[in-house]
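Q: File final-v5.tsv below, TSV, N, CA and C atoms and all ligand atoms:
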chain	number	residue	atom	x	y	z
A	76	MET	N	-45.27	-98.08	-126.29
A	76	MET	CA	-45.40	-97.68	-124.88
A	76	MET	C	-43.99	-97.53	-124.29
A	77	LYS	N	-43.54	-96.31	-124.07
A	77	LYS	CA	-42.18	-96.13	-123.57
A	77	LYS	C	-42.18	-95.83	-122.07
A	78	THR	N	-40.99	-95.81	-121.50
A	78	THR	CA	-40.84	-95.55	-120.07
A	78	THR	C	-40.23	-94.17	-119.89
A	79	CYS	N	-40.90	-93.35	-119.09
A	79	CYS	CA	-40.45	-91.97	-118.92
A	79	CYS	C	-40.16	-91.66	-117.45
A	80	LEU	N	-39.24	-90.71	-117.27
A	80	LEU	CA	-38.95	-90.16	-115.95
A	80	LEU	C	-39.71	-88.85	-115.83
A	81	TYR	N	-40.46	-88.70	-114.74
A	81	TYR	CA	-41.15	-87.43	-114.51
A	81	TYR	C	-40.20	-86.49	-113.79
A	82	ASP	N	-39.91	-85.36	-114.43
A	82	ASP	CA	-39.04	-84.34	-113.84
A	82	ASP	C	-39.97	-83.24	-113.31
A	83	ALA	N	-40.07	-83.17	-111.98
A	83	ALA	CA	-41.09	-82.32	-111.37
A	83	ALA	C	-40.89	-80.83	-111.64
A	84	LYS	N	-39.64	-80.36	-111.55
A	84	LYS	CA	-39.41	-78.91	-111.66
A	84	LYS	C	-39.94	-78.34	-112.98
A	85	PRO	N	-39.48	-78.88	-114.14
A	85	PRO	CA	-40.04	-78.36	-115.40
A	85	PRO	C	-41.38	-79.01	-115.77
A	86	HIS	N	-41.85	-79.97	-114.92
A	86	HIS	CA	-43.12	-80.68	-115.18
A	86	HIS	C	-43.07	-81.34	-116.56
A	87	LEU	N	-42.01	-82.15	-116.75
A	87	LEU	CA	-41.81	-82.78	-118.06
A	87	LEU	C	-41.58	-84.28	-117.91
A	88	LEU	N	-41.98	-85.03	-118.93
A	88	LEU	CA	-41.66	-86.45	-119.01
A	88	LEU	C	-40.48	-86.62	-119.95
A	89	LYS	N	-39.43	-87.32	-119.47
A	89	LYS	CA	-38.25	-87.57	-120.31
A	89	LYS	C	-38.16	-89.06	-120.57
A	90	SER	N	-38.05	-89.44	-121.82
A	90	SER	CA	-37.96	-90.86	-122.17
A	90	SER	C	-36.65	-91.45	-121.64
A	91	VAL	N	-36.74	-92.58	-120.91
A	91	VAL	CA	-35.53	-93.21	-120.38
A	91	VAL	C	-35.30	-94.62	-120.93
A	92	VAL	N	-36.36	-95.34	-121.22
A	92	VAL	CA	-36.23	-96.70	-121.80
A	92	VAL	C	-37.21	-96.78	-122.97
A	93	ALA	N	-36.68	-97.21	-124.13
A	93	ALA	CA	-37.52	-97.19	-125.33
A	93	ALA	C	-38.56	-98.31	-125.33
A	94	GLU	N	-38.20	-99.48	-124.76
A	94	GLU	CA	-39.12	-100.61	-124.88
A	94	GLU	C	-40.25	-100.58	-123.84
A	95	ASP	N	-41.27	-101.39	-124.11
A	95	ASP	CA	-42.42	-101.50	-123.21
A	95	ASP	C	-42.04	-102.40	-122.03
A	96	ILE	N	-41.96	-101.85	-120.83
A	96	ILE	CA	-41.56	-102.66	-119.67
A	96	ILE	C	-42.71	-102.82	-118.66
A	97	ARG	N	-43.93	-102.60	-119.12
A	97	ARG	CA	-45.07	-102.70	-118.20
A	97	ARG	C	-45.11	-104.04	-117.46
A	98	ALA	N	-44.83	-105.12	-118.19
A	98	ALA	CA	-44.91	-106.45	-117.59
A	98	ALA	C	-43.91	-106.62	-116.44
A	99	LEU	N	-42.83	-105.83	-116.47
A	99	LEU	CA	-41.81	-105.96	-115.42
A	99	LEU	C	-42.19	-105.21	-114.14
A	100	THR	N	-43.27	-104.44	-114.19
A	100	THR	CA	-43.62	-103.65	-113.01
A	100	THR	C	-44.47	-104.43	-112.01
A	101	GLY	N	-44.79	-105.69	-112.31
A	101	GLY	CA	-45.53	-106.50	-111.35
A	101	GLY	C	-46.06	-107.76	-111.98
A	102	PRO	N	-46.32	-108.79	-111.15
A	102	PRO	CA	-46.76	-110.07	-111.70
A	102	PRO	C	-48.27	-110.18	-111.97
A	103	GLN	N	-49.05	-109.22	-111.51
A	103	GLN	CA	-50.49	-109.34	-111.70
A	103	GLN	C	-50.84	-109.29	-113.19
A	104	PRO	N	-51.84	-110.08	-113.62
A	104	PRO	CA	-52.11	-110.19	-115.07
A	104	PRO	C	-52.52	-108.88	-115.74
A	105	PHE	N	-53.14	-107.96	-115.01
A	105	PHE	CA	-53.60	-106.70	-115.62
A	105	PHE	C	-52.47	-105.71	-115.88
A	106	VAL	N	-51.32	-105.93	-115.23
A	106	VAL	CA	-50.24	-104.93	-115.24
A	106	VAL	C	-49.69	-104.69	-116.65
A	107	LYS	N	-49.50	-105.79	-117.38
A	107	LYS	CA	-48.85	-105.67	-118.70
A	107	LYS	C	-49.72	-104.94	-119.73
A	108	ASP	N	-51.04	-104.88	-119.48
A	108	ASP	CA	-51.95	-104.24	-120.44
A	108	ASP	C	-52.46	-102.88	-119.96
A	109	ALA	N	-52.09	-102.48	-118.75
A	109	ALA	CA	-52.67	-101.26	-118.18
A	109	ALA	C	-52.24	-100.02	-118.96
A	110	ALA	N	-53.10	-99.01	-118.92
A	110	ALA	CA	-52.79	-97.76	-119.63
A	110	ALA	C	-51.51	-97.13	-119.08
A	111	LEU	N	-51.33	-97.24	-117.76
A	111	LEU	CA	-50.19	-96.57	-117.13
A	111	LEU	C	-49.75	-97.34	-115.89
A	112	ASN	N	-48.45	-97.51	-115.75
A	112	ASN	CA	-47.90	-98.03	-114.49
A	112	ASN	C	-46.89	-97.00	-113.98
A	113	LEU	N	-47.19	-96.43	-112.83
A	113	LEU	CA	-46.26	-95.50	-112.20
A	113	LEU	C	-45.28	-96.32	-111.37
A	114	ILE	N	-44.02	-95.98	-111.46
A	114	ILE	CA	-42.99	-96.65	-110.65
A	114	ILE	C	-42.36	-95.57	-109.79
A	115	TYR	N	-42.53	-95.68	-108.49
A	115	TYR	CA	-41.99	-94.67	-107.59
A	115	TYR	C	-40.56	-95.05	-107.21
A	116	VAL	N	-39.63	-94.11	-107.44
A	116	VAL	CA	-38.22	-94.35	-107.16
A	116	VAL	C	-37.70	-93.24	-106.23
A	117	ALA	N	-37.12	-93.64	-105.12
A	117	ALA	CA	-36.51	-92.67	-104.20
A	117	ALA	C	-35.01	-92.63	-104.50
A	118	ASP	N	-34.47	-91.41	-104.62
A	118	ASP	CA	-33.03	-91.26	-104.85
A	118	ASP	C	-32.39	-90.86	-103.52
A	119	PHE	N	-31.77	-91.85	-102.87
A	119	PHE	CA	-31.19	-91.61	-101.54
A	119	PHE	C	-30.09	-90.54	-101.58
A	120	SER	N	-29.42	-90.38	-102.71
A	120	SER	CA	-28.34	-89.37	-102.79
A	120	SER	C	-28.90	-87.95	-102.73
A	121	ARG	N	-30.21	-87.81	-102.96
A	121	ARG	CA	-30.82	-86.47	-102.94
A	121	ARG	C	-31.53	-86.18	-101.62
A	122	ILE	N	-31.46	-87.14	-100.69
A	122	ILE	CA	-32.01	-86.89	-99.34
A	122	ILE	C	-30.81	-86.47	-98.49
A	123	ALA	N	-30.79	-85.19	-98.12
A	123	ALA	CA	-29.56	-84.59	-97.58
A	123	ALA	C	-29.06	-85.24	-96.30
A	124	ARG	N	-29.97	-85.55	-95.39
A	124	ARG	CA	-29.53	-86.05	-94.08
A	124	ARG	C	-30.23	-87.36	-93.73
A	125	GLY	N	-29.64	-88.06	-92.77
A	125	GLY	CA	-30.32	-89.23	-92.21
A	125	GLY	C	-29.63	-90.54	-92.52
A	126	THR	N	-29.93	-91.53	-91.67
A	126	THR	CA	-29.42	-92.88	-91.91
A	126	THR	C	-30.24	-93.51	-93.04
A	127	ASN	N	-29.78	-94.64	-93.55
A	127	ASN	CA	-30.55	-95.32	-94.59
A	127	ASN	C	-31.93	-95.73	-94.08
A	128	GLU	N	-32.00	-96.06	-92.78
A	128	GLU	CA	-33.30	-96.43	-92.21
A	128	GLU	C	-34.26	-95.23	-92.24
A	129	GLU	N	-33.73	-94.04	-91.91
A	129	GLU	CA	-34.57	-92.84	-91.96
A	129	GLU	C	-34.95	-92.50	-93.40
A	130	LYS	N	-33.99	-92.70	-94.32
A	130	LYS	CA	-34.29	-92.42	-95.73
A	130	LYS	C	-35.38	-93.36	-96.25
A	131	ASP	N	-35.33	-94.61	-95.80
A	131	ASP	CA	-36.39	-95.57	-96.16
A	131	ASP	C	-37.74	-95.06	-95.68
A	132	PHE	N	-37.76	-94.55	-94.44
A	132	PHE	CA	-39.00	-94.06	-93.85
A	132	PHE	C	-39.52	-92.85	-94.63
A	133	PHE	N	-38.65	-91.87	-94.91
A	133	PHE	CA	-39.07	-90.67	-95.66
A	133	PHE	C	-39.59	-91.07	-97.04
A	134	SER	N	-38.87	-91.98	-97.69
A	134	SER	CA	-39.26	-92.40	-99.04
A	134	SER	C	-40.62	-93.08	-99.04
A	135	ALA	N	-40.84	-93.94	-98.04
A	135	ALA	CA	-42.13	-94.64	-97.96
A	135	ALA	C	-43.25	-93.65	-97.69
A	136	ALA	N	-43.00	-92.69	-96.77
A	136	ALA	CA	-44.04	-91.70	-96.46
A	136	ALA	C	-44.34	-90.85	-97.69
A	137	ASP	N	-43.29	-90.38	-98.38
A	137	ASP	CA	-43.50	-89.55	-99.58
A	137	ASP	C	-44.26	-90.31	-100.65
A	138	THR	N	-43.89	-91.58	-100.84
A	138	THR	CA	-44.59	-92.39	-101.85
A	138	THR	C	-46.06	-92.53	-101.49
A	139	GLY	N	-46.33	-92.68	-100.20
A	139	GLY	CA	-47.74	-92.77	-99.75
A	139	GLY	C	-48.53	-91.52	-100.09
A	140	PHE	N	-47.89	-90.35	-99.86
A	140	PHE	CA	-48.59	-89.08	-100.18
A	140	PHE	C	-48.88	-89.00	-101.68
A	141	ILE	N	-47.88	-89.31	-102.48
A	141	ILE	CA	-48.05	-89.18	-103.93
A	141	ILE	C	-49.11	-90.18	-104.41
A	142	GLY	N	-48.98	-91.42	-103.94
A	142	GLY	CA	-49.93	-92.46	-104.36
A	142	GLY	C	-51.36	-92.09	-103.99
A	143	GLN	N	-51.52	-91.51	-102.80
A	143	GLN	CA	-52.87	-91.12	-102.38
A	143	GLN	C	-53.43	-90.03	-103.28
A	144	ASN	N	-52.56	-89.08	-103.69
A	144	ASN	CA	-53.02	-88.04	-104.63
A	144	ASN	C	-53.47	-88.66	-105.95
A	145	VAL	N	-52.74	-89.69	-106.39
A	145	VAL	CA	-53.14	-90.38	-107.62
A	145	VAL	C	-54.51	-91.05	-107.42
A	146	TYR	N	-54.72	-91.66	-106.22
A	146	TYR	CA	-56.04	-92.25	-105.93
A	146	TYR	C	-57.14	-91.19	-106.01
A	147	LEU	N	-56.88	-90.00	-105.43
A	147	LEU	CA	-57.90	-88.94	-105.44
A	147	LEU	C	-58.19	-88.47	-106.86
A	148	PHE	N	-57.12	-88.30	-107.65
A	148	PHE	CA	-57.32	-87.87	-109.04
A	148	PHE	C	-58.14	-88.93	-109.79
A	149	CYS	N	-57.76	-90.20	-109.63
A	149	CYS	CA	-58.46	-91.28	-110.35
A	149	CYS	C	-59.93	-91.32	-109.93
A	150	ALA	N	-60.19	-91.13	-108.63
A	150	ALA	CA	-61.59	-91.14	-108.17
A	150	ALA	C	-62.36	-90.01	-108.84
A	151	SER	N	-61.71	-88.85	-108.99
A	151	SER	CA	-62.42	-87.70	-109.57
A	151	SER	C	-62.64	-87.88	-111.07
A	152	GLU	N	-61.80	-88.70	-111.73
A	152	GLU	CA	-61.89	-88.87	-113.19
A	152	GLU	C	-62.53	-90.19	-113.60
A	153	GLY	N	-63.00	-90.99	-112.64
A	153	GLY	CA	-63.62	-92.27	-112.97
A	153	GLY	C	-62.62	-93.31	-113.44
A	154	LEU	N	-61.36	-93.20	-113.03
A	154	LEU	CA	-60.34	-94.18	-113.40
A	154	LEU	C	-60.13	-95.17	-112.26
A	155	ALA	N	-59.54	-96.33	-112.59
A	155	ALA	CA	-59.23	-97.33	-111.57
A	155	ALA	C	-57.74	-97.25	-111.25
A	156	THR	N	-57.38	-97.51	-110.00
A	156	THR	CA	-55.96	-97.51	-109.65
A	156	THR	C	-55.70	-98.48	-108.51
A	157	VAL	N	-54.49	-98.99	-108.47
A	157	VAL	CA	-54.10	-99.88	-107.37
A	157	VAL	C	-52.60	-99.74	-107.12
A	158	VAL	N	-52.28	-99.56	-105.83
A	158	VAL	CA	-50.87	-99.51	-105.43
A	158	VAL	C	-50.37	-100.93	-105.25
A	159	ARG	N	-49.12	-101.18	-105.70
A	159	ARG	CA	-48.57	-102.53	-105.62
A	159	ARG	C	-47.14	-102.51	-105.08
A	160	ALA	N	-46.88	-103.42	-104.15
A	160	ALA	CA	-45.52	-103.55	-103.59
A	160	ALA	C	-44.80	-104.77	-104.16
A	161	ASN	N	-45.58	-105.70	-104.71
A	161	ASN	CA	-45.01	-106.95	-105.21
A	161	ASN	C	-44.31	-106.71	-106.55
A	162	ILE	N	-43.02	-106.40	-106.49
A	162	ILE	CA	-42.24	-106.03	-107.69
A	162	ILE	C	-40.91	-106.78	-107.62
A	163	ASP	N	-40.45	-107.25	-108.77
A	163	ASP	CA	-39.09	-107.81	-108.84
A	163	ASP	C	-38.15	-106.60	-108.98
A	164	ARG	N	-37.75	-106.03	-107.85
A	164	ARG	CA	-36.98	-104.77	-107.86
A	164	ARG	C	-35.62	-104.88	-108.56
A	165	PRO	N	-34.86	-105.98	-108.33
A	165	PRO	CA	-33.56	-106.06	-109.04
A	165	PRO	C	-33.71	-106.05	-110.56
A	166	THR	N	-34.67	-106.82	-111.07
A	166	THR	CA	-34.85	-106.89	-112.54
A	166	THR	C	-35.34	-105.56	-113.10
A	167	LEU	N	-36.34	-104.99	-112.44
A	167	LEU	CA	-36.89	-103.71	-112.93
A	167	LEU	C	-35.84	-102.60	-112.83
A	168	GLY	N	-35.12	-102.56	-111.71
A	168	GLY	CA	-34.08	-101.53	-111.53
A	168	GLY	C	-33.00	-101.63	-112.59
A	169	LYS	N	-32.62	-102.87	-112.93
A	169	LYS	CA	-31.59	-103.08	-113.95
A	169	LYS	C	-32.09	-102.59	-115.32
A	170	THR	N	-33.33	-102.93	-115.63
A	170	THR	CA	-33.89	-102.53	-116.93
A	170	THR	C	-34.00	-101.01	-117.02
A	171	MET	N	-34.33	-100.37	-115.88
A	171	MET	CA	-34.47	-98.91	-115.88
A	171	MET	C	-33.11	-98.22	-115.70
A	172	LYS	N	-32.05	-99.02	-115.59
A	172	LYS	CA	-30.68	-98.50	-115.42
A	172	LYS	C	-30.56	-97.62	-114.18
A	173	LEU	N	-31.18	-98.07	-113.09
A	173	LEU	CA	-31.11	-97.30	-111.85
A	173	LEU	C	-29.77	-97.51	-111.17
A	174	GLY	N	-29.26	-96.48	-110.50
A	174	GLY	CA	-28.03	-96.59	-109.74
A	174	GLY	C	-28.31	-97.13	-108.34
A	175	PRO	N	-27.23	-97.41	-107.57
A	175	PRO	CA	-27.43	-98.01	-106.24
A	175	PRO	C	-28.20	-97.12	-105.27
A	176	ASP	N	-28.20	-95.80	-105.50
A	176	ASP	CA	-28.95	-94.89	-104.61
A	176	ASP	C	-30.41	-94.73	-105.00
A	177	GLN	N	-30.76	-95.29	-106.14
A	177	GLN	CA	-32.14	-95.13	-106.62
A	177	GLN	C	-32.95	-96.38	-106.26
A	178	ARG	N	-33.87	-96.23	-105.33
A	178	ARG	CA	-34.60	-97.38	-104.78
A	178	ARG	C	-36.07	-97.33	-105.20
A	179	ILE	N	-36.52	-98.43	-105.78
A	179	ILE	CA	-37.95	-98.54	-106.14
A	179	ILE	C	-38.74	-98.75	-104.85
A	180	THR	N	-39.72	-97.88	-104.60
A	180	THR	CA	-40.54	-98.04	-103.39
A	180	THR	C	-41.80	-98.85	-103.72
A	181	LEU	N	-42.64	-98.31	-104.58
A	181	LEU	CA	-43.90	-98.98	-104.93
A	181	LEU	C	-44.19	-98.74	-106.41
A	182	SER	N	-45.14	-99.48	-106.93
A	182	SER	CA	-45.67	-99.13	-108.25
A	182	SER	C	-47.18	-98.95	-108.11
A	183	GLN	N	-47.76	-98.29	-109.08
A	183	GLN	CA	-49.20	-98.00	-109.03
A	183	GLN	C	-49.75	-98.04	-110.43
A	184	THR	N	-50.71	-98.91	-110.64
A	184	THR	CA	-51.34	-99.05	-111.95
A	184	THR	C	-52.53	-98.11	-112.05
A	185	VAL	N	-52.67	-97.48	-113.21
A	185	VAL	CA	-53.84	-96.64	-113.50
A	185	VAL	C	-54.47	-97.19	-114.77
A	186	GLY	N	-55.78	-97.37	-114.74
A	186	GLY	CA	-56.46	-97.88	-115.92
A	186	GLY	C	-57.93	-97.55	-115.90
A	187	TYR	N	-58.64	-98.23	-116.78
A	187	TYR	CA	-60.08	-98.00	-116.88
A	187	TYR	C	-60.81	-99.09	-116.11
A	188	PRO	N	-61.84	-98.72	-115.34
A	188	PRO	CA	-62.55	-99.74	-114.58
A	188	PRO	C	-63.25	-100.74	-115.49
A	189	LYS	N	-63.41	-101.99	-114.97
A	189	LYS	CA	-64.14	-103.02	-115.72
A	189	LYS	C	-65.57	-102.54	-115.90
A	190	LYS	N	-66.11	-102.76	-117.08
A	190	LYS	CA	-67.50	-102.33	-117.33
A	190	LYS	C	-68.46	-103.25	-116.58
A	201	LIG	C1	-48.29	-100.21	-99.59
A	201	LIG	C2	-49.25	-101.17	-100.26
A	201	LIG	C3	-48.75	-102.19	-101.06
A	201	LIG	C4	-49.62	-103.08	-101.69
A	201	LIG	N1	-49.12	-104.06	-102.50
A	201	LIG	C5	-49.97	-104.89	-103.14
A	201	LIG	C6	-49.47	-105.89	-104.04
A	201	LIG	O1	-48.28	-106.02	-104.26
A	201	LIG	N2	-50.37	-106.70	-104.64
A	201	LIG	C7	-51.72	-106.59	-104.42
A	201	LIG	O2	-52.49	-107.34	-105.01
A	201	LIG	N3	-52.22	-105.65	-103.58
A	201	LIG	C8	-51.38	-104.80	-102.94
A	201	LIG	N4	-51.86	-103.84	-102.11
A	201	LIG	C9	-53.32	-103.75	-101.93
A	201	LIG	C10	-53.96	-102.98	-103.05
A	201	LIG	O3	-53.31	-101.73	-103.25
A	201	LIG	C11	-55.44	-102.69	-102.76
A	201	LIG	O4	-55.55	-101.96	-101.59
A	201	LIG	C12	-56.23	-103.96	-102.63
A	201	LIG	O5	-56.00	-104.73	-103.80
A	201	LIG	C13	-57.73	-103.67	-102.48
A	201	LIG	O6	-58.18	-102.89	-103.57
A	201	LIG	P1	-59.74	-102.72	-103.88
A	201	LIG	O7	-60.35	-102.18	-102.63
A	201	LIG	O8	-59.76	-101.71	-105.00
A	201	LIG	O9	-60.23	-104.06	-104.27
A	201	LIG	C14	-51.00	-102.95	-101.48
A	201	LIG	C15	-51.49	-101.92	-100.68
A	201	LIG	C16	-50.63	-101.04	-100.08
A	201	LIG	C17	-51.20	-99.92	-99.23
In structure tokens, how does this file's structure come out?

A:
Amino acid sequence: MKTCLYDAKPHLLKSVVAEDIRALTGPQPFVKDAALNLIYVADFSRIARGTNEEKDFFSAADTGFIGQNVYLFCASEGLATVVRANIDRPTLGKTMKLGPDQRITLSQTVGYPKK
């Protein structure tokens, strides 16, 4: 289970960390075994204007839109999903080799519902 960066323009996943870091995306017991954990990262250097407070706001709003789309997709496909804010951001950011402008906003687990 590797960690990939989603590059939206070419619609491609690029491998960034070889090891399985699912357990680092949250303390809940299901996280380490889930089929997929999405980690939303805002890159402040790519937000052209605004104070850091405004960038925080834009990043949170954007993450909400994306996360909600994931909820809609999961509902349509019979998958389970949950958005999570409880993340050890310094440890996860270090493992993902994120720079100071790259801020983890939320994570979202996708899996199969309990039978
Ligand atoms: C922005 C945001 C952050 C959240 N963070 C957490 C979290 O860290 N841990 C958690 O257990 N639930 C968190 N929740 C709540 C869950 O996403 C979910 O709404 C809740 O567990 C109820 O899900 P259910 O209706 O499927 O049982 C968060 C919700 C939102 C909107």

Q: Within 5 Å of ligand LIG 201 (chain A), which residues show up when you count all atoms listed in the file? List them as a CSV table (one decimal) with N, CA and C atoms, keeping the file's coordinate frame, please.

A:
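After the write, part.csv holds the following:
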chain,number,residue,atom,x,y,z
A,157,VAL,N,-54.5,-99.0,-108.5
A,157,VAL,CA,-54.1,-99.9,-107.4
A,157,VAL,C,-52.6,-99.7,-107.1
A,158,VAL,N,-52.3,-99.6,-105.8
A,158,VAL,CA,-50.9,-99.5,-105.4
A,158,VAL,C,-50.4,-100.9,-105.2
A,159,ARG,N,-49.1,-101.2,-105.7
A,159,ARG,CA,-48.6,-102.5,-105.6
A,159,ARG,C,-47.1,-102.5,-105.1
A,160,ALA,N,-46.9,-103.4,-104.2
A,160,ALA,CA,-45.5,-103.6,-103.6
A,160,ALA,C,-44.8,-104.8,-104.2
A,161,ASN,N,-45.6,-105.7,-104.7
A,161,ASN,CA,-45.0,-107.0,-105.2
A,161,ASN,C,-44.3,-106.7,-106.6

Q: Any idea what's packed within 8 Å of Leu88 in chain A, counting only N, CA and C atoms, ignoring anything in its chain fewer than 6 positions away? Could you give it as a list of chain:residue names?

A: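 Returned residues: A:Thr78, A:Cys79, A:Leu80, A:Tyr81, A:Asp82.
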
Q: Would you compute the distance between atom C of Thr184 in chain A and CA of Ser120 in chain A? Give it in Å to one decimal.

A: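 CA of Ser120 in chain A lies 27.3 Å from atom C of Thr184 in chain A.
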
Q: In terms of the shortest atom-to-atom distance over only N, CA and C atoms, which of A:Ser134, A:Gln143, A:Thr166, A:Gln183 is closest to Leu113 in chain A?

A: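 Going through A:Ser134, A:Gln143, A:Thr166, A:Gln183 one by one, the smallest distance to Leu113 in chain A is for A:Gln183.
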
Q: Which residues, written as a list in words, have at least one atom at most 7 Å from Gln177 in chain A, with all atoms listed in the file counted and residues fewer than 6 positions away on the same chain left out?

A: Val116, Ala117, Asp118, Phe119 and Ser120 of chain A

Q: Mind dumping the selected residues with N, CA and C atoms as a short mmCIF file (atom, residue, chain, number, x, y, z; two decimals), keeping the file's coordinate frame?

A:
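Final output, saved to again_38.cif:
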data_model
loop_
_atom_site.label_atom_id
_atom_site.label_comp_id
_atom_site.auth_asym_id
_atom_site.auth_seq_id
_atom_site.Cartn_x
_atom_site.Cartn_y
_atom_site.Cartn_z
N VAL A 116 -39.63 -94.11 -107.44
CA VAL A 116 -38.22 -94.35 -107.16
C VAL A 116 -37.70 -93.24 -106.23
N ALA A 117 -37.12 -93.64 -105.12
CA ALA A 117 -36.51 -92.67 -104.20
C ALA A 117 -35.01 -92.63 -104.50
N ASP A 118 -34.47 -91.41 -104.62
CA ASP A 118 -33.03 -91.26 -104.85
C ASP A 118 -32.39 -90.86 -103.52
N PHE A 119 -31.77 -91.85 -102.87
CA PHE A 119 -31.19 -91.61 -101.54
C PHE A 119 -30.09 -90.54 -101.58
N SER A 120 -29.42 -90.38 -102.71
CA SER A 120 -28.34 -89.37 -102.79
C SER A 120 -28.90 -87.95 -102.73
#

Q: Could you pull out all residues of range 77-182 of chain A with a DSSP call of alpha helix (DSSP H) and give them as a PyMOL selection string?

A: chain A and resi 127-152+164-170

Q: Name the closest residue to Gly168 in chain A among the candidates A:Met76, A:Val91, A:Ala135, A:Leu99; distances are taken between atoms, counting only N, CA and C atoms.

A: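 Smallest distance to Gly168 in chain A is found for A:Leu99.
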
Q: Residues near Tyr146 in chain A, anyone? I mean within 12 Å using only C-alpha atoms, not counting same-chain ones fewer than 2 positions away, as a list in words.

A: Gly139, Phe140, Ile141, Gly142, Gln143, Asn144, Phe148, Cys149, Ala150, Ser151, Glu152, Gly153, Leu154, Ala155, Thr156, Val157, Val158, Gln183, Thr184, Val185 and Gly186 of chain A

Q: What would range 84-95 of chain A look like if you wrote it out as a CSV table (one decimal), in the first residue's frame, with N, CA, C and O atoms included, from the block I just posted?

A:
chain,number,residue,atom,x,y,z
A,84,LYS,N,-4.3,17.9,-13.1
A,84,LYS,CA,-4.2,18.3,-14.5
A,84,LYS,C,-4.1,17.0,-15.4
A,84,LYS,O,-5.0,16.8,-16.3
A,85,PRO,N,-3.1,16.2,-15.2
A,85,PRO,CA,-3.0,15.0,-16.1
A,85,PRO,C,-3.9,13.8,-15.5
A,85,PRO,O,-3.9,12.8,-16.1
A,86,HIS,N,-4.6,14.1,-14.4
A,86,HIS,CA,-5.4,13.1,-13.7
A,86,HIS,C,-4.6,11.8,-13.5
A,86,HIS,O,-5.0,10.7,-13.9
A,87,LEU,N,-3.5,12.0,-12.8
A,87,LEU,CA,-2.6,10.9,-12.5
A,87,LEU,C,-2.2,10.8,-11.0
A,87,LEU,O,-2.2,11.8,-10.3
A,88,LEU,N,-1.9,9.6,-10.6
A,88,LEU,CA,-1.4,9.3,-9.2
A,88,LEU,C,0.1,9.1,-9.4
A,88,LEU,O,0.6,8.3,-10.2
A,89,LYS,N,0.9,9.9,-8.6
A,89,LYS,CA,2.3,9.7,-8.6
A,89,LYS,C,2.8,9.2,-7.2
A,89,LYS,O,2.4,9.9,-6.2
A,90,SER,N,3.5,8.2,-7.2
A,90,SER,CA,4.0,7.6,-5.9
A,90,SER,C,5.0,8.6,-5.2
A,90,SER,O,5.9,9.1,-5.9
A,91,VAL,N,4.7,8.9,-4.0
A,91,VAL,CA,5.6,9.8,-3.2
A,91,VAL,C,6.3,9.2,-2.0
A,91,VAL,O,7.4,9.5,-1.6
A,92,VAL,N,5.6,8.2,-1.4
A,92,VAL,CA,6.2,7.5,-0.2
A,92,VAL,C,6.0,6.0,-0.5
A,92,VAL,O,4.8,5.6,-0.7
A,93,ALA,N,7.0,5.2,-0.4
A,93,ALA,CA,6.9,3.8,-0.7
A,93,ALA,C,6.2,3.0,0.4
A,93,ALA,O,5.4,2.1,0.1
A,94,GLU,N,6.4,3.4,1.7
A,94,GLU,CA,5.8,2.6,2.7
A,94,GLU,C,4.4,2.8,3.0
A,94,GLU,O,3.8,3.9,2.6
A,95,ASP,N,3.7,1.9,3.7
A,95,ASP,CA,2.3,2.0,4.1
A,95,ASP,C,2.2,3.0,5.3
A,95,ASP,O,2.7,2.7,6.4
